[in-house]
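Comments concern the structure below.
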Amino acid sequence: MELSLVIPVYNEEKIIDELMQRTIPALESITSDYELIVVDDGSTDSSIEKLLLFREGNGKIKILSLSKNFGHQAAYTAGLEHSTGNIVAMMDGDLQDPPELLPEMYRMITGGDYDIVSGRKTARKGRSGRIMYAWLFHLFFRHIGEIKNMENSGNYSMMSREAVDALLMMKEKVRYLPGLRTFIGFRQGYLDFVRDDRFRGKPKMSMAKLYLLAADAVFSFSRFPIRFCMFLGTIGTLVFMGAGLYVVVAKVCGFAVLGWSSTLLSIYFLGSIQLVFMGMLGEYVYRSYKESQNRPVYFIRKRYDTTPGE
């Protein structure tokens with residue numbers, strides 16, 4: 001197989017028609033030897049039925065129906081592990097990533113210059129709150145992350161088979177694929193584009209899910225949280241050493257202020273620092289626990305990837 005495209009969908013019945021009508025011509029403009037792997041991430045609407053209708057007219061569409069909603073990154077992982085193409089692309093199913101850019105990504109890889117080409121967002125359309133959240137995350141991660149050159153790059157990308165195999169060698173259960181894709185190295189290039197708003201319907205990634213995904217990125221690819229704890233603890237220690245010195249001097253000189261307010265504030269301040277530390281350490285303990293469980297990232301309920309008679 002020359003080219004594989006992985007698209008996860010979750011309750012996207014309102015978009016399926018437009019998604020297929022734009023994506024298939026983009027793929028066929030590249031090569032006739034392709035497979036379109038659509039991962040149904042436990043949809044509860046008619047997404048799977050609509051996909052099967054398109055598959056009846058095009059056997060190159062392959063569908064993986066997961067047993068429940070495992071999440072965006074797990075769905076991508078399922079598609080990547082079942083891809084067979086020499087070149088593999090990843091694209092969100094809400095049409096915010098324009099499929100019309102796939103031929104240019106393909107040209108950049110087959111031209112021999114790159115092993116990985118990532119879509120890099122120069123601007124975003126859509127809700128201002130989500131745009132601001134994404135901007136703040138990338139700004140923050142640019143300064144604290146241990147992997148560089150992934151600012152404004154999301155899942156939209158295309159990779160050589162060698163890069164995909166390297167990506168799949170990493171078996172983390174808590175996954176942030178844009179970070180892992182950057183971490184593996186290889187020759188990486190970028191294709192700038194303006195990210196569209198959703199074609200139709202409401203975003204499936206709520207702000208809470210976006211926050212958790214951002215947390216996965218920070219805790220997986222940065223030592224900032226644990227260093228922040230150390231820095232905050234050091235500052236707290238210095239502040240209260242100074243406060244203790246002041247109390248001793250005040251007692252000796254006889255101008256100590258009567259009352260318990262300073263004592264209570266000190267206790268609350270130290271307690272809050274300890275809670276921050278426990279929360280940070282808890283995140284690392286949780287991730288270690290998830291890895292030690294070694295549970296599969298996803299389960300497939302049914303596969304639609306064979307031609308009739310096979």
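A note on labels: chains of the structure tokens are A, B, ... as shown, every chain counts residues from 1, and ligands are counted from 1 in their shown order.
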
Every residue of region 11-63 of chain A that DSSP places in helix (DSSP H, G or I), as a ChimeraX atom specification: /A:16-28,47-57

Residue neighbourhood Gly79 (chain A), 7 Å, only C-alpha atoms, exclusion window fewer than 4 positions, as a PyMOL selection string: chain A and resi 6+37+39+75+83

Distance of CA of Ile16 (chain A) from CA of Ser47 (chain A), expressed in Å to one decimal place: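 CA of Ser47 (chain A) sits 7.0 Å away from CA of Ile16 (chain A).
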
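Reported to one decimal place, the separation of CA of Val285 (chain A) from CA of Cys229 (chain A) is 15.0 Å.
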
Point-to-point distance in Å for CA of Ser4 (chain A) and CA of Leu36 (chain A): 5.9 Å

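Neighbouring residues of Tyr156 (chain A) at 10 Å or closer, counting only C-alpha atoms and skipping chain neighbours under 4 positions away, are A:Val6, A:Ile7, A:Ala89, A:Met90, A:Met91, A:Asp92, A:Gln96, A:Asp97, A:Pro98, A:Pro99, A:Leu101, A:Leu102, A:Val117, A:Ser118, A:Gly119, A:Arg120, A:Lys121, A:Pro178, A:Leu191.
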
Distance criterion (only C-alpha atoms): nearest to Ile61 (chain A) out of A:Gln293, A:Asn86, A:Thr23, A:Thr122: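 The closest residue to Ile61 (chain A) is A:Thr23.
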
For Met1 (chain A): contacts at 10 Å, only C-alpha atoms, fewer than 3 positions along chain excluded, given as a ChimeraX atom specification: /A:4,32-35,83-88

What does the file look like for those residues with C-alpha atoms, as a short mmCIF file (atom, residue, chain, number, x, y, z; two decimals), in the first residue's frame?
```
data_model
loop_
_atom_site.label_atom_id
_atom_site.label_comp_id
_atom_site.auth_asym_id
_atom_site.auth_seq_id
_atom_site.Cartn_x
_atom_site.Cartn_y
_atom_site.Cartn_z
CA SER A 4 -2.72 5.29 4.45
CA SER A 32 -5.00 5.12 -6.51
CA ASP A 33 -3.12 2.80 -4.16
CA TYR A 34 -4.43 4.11 -0.83
CA GLU A 35 -6.45 3.08 2.19
CA SER A 83 -2.10 0.99 8.71
CA THR A 84 -0.10 -0.70 5.94
CA GLY A 85 0.98 2.24 3.80
CA ASN A 86 4.55 3.19 2.98
CA ILE A 87 3.41 6.68 3.92
CA VAL A 88 0.83 7.30 6.68
#
```

Residue nearest Ile48 (chain A) - candidates A:Ile273, A:Met20, A:Val9, A:Leu238, atoms counted: only C-alpha atoms: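 Nearest to Ile48 (chain A): A:Val9.
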
Option closest in space to Leu177 (chain A), from A:Leu80, A:Val239, A:Gln73, A:Thr234 [counting only C-alpha atoms]: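 Nearest candidate to Leu177 (chain A) out of A:Leu80, A:Val239, A:Gln73, A:Thr234: A:Gln73.
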
Option closest in space to Glu162 (chain A), from A:Glu13, A:Glu81, A:Glu104, A:Asp115 [counting only C-alpha atoms]: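 Under the stated criterion, the closest residue is A:Asp115.
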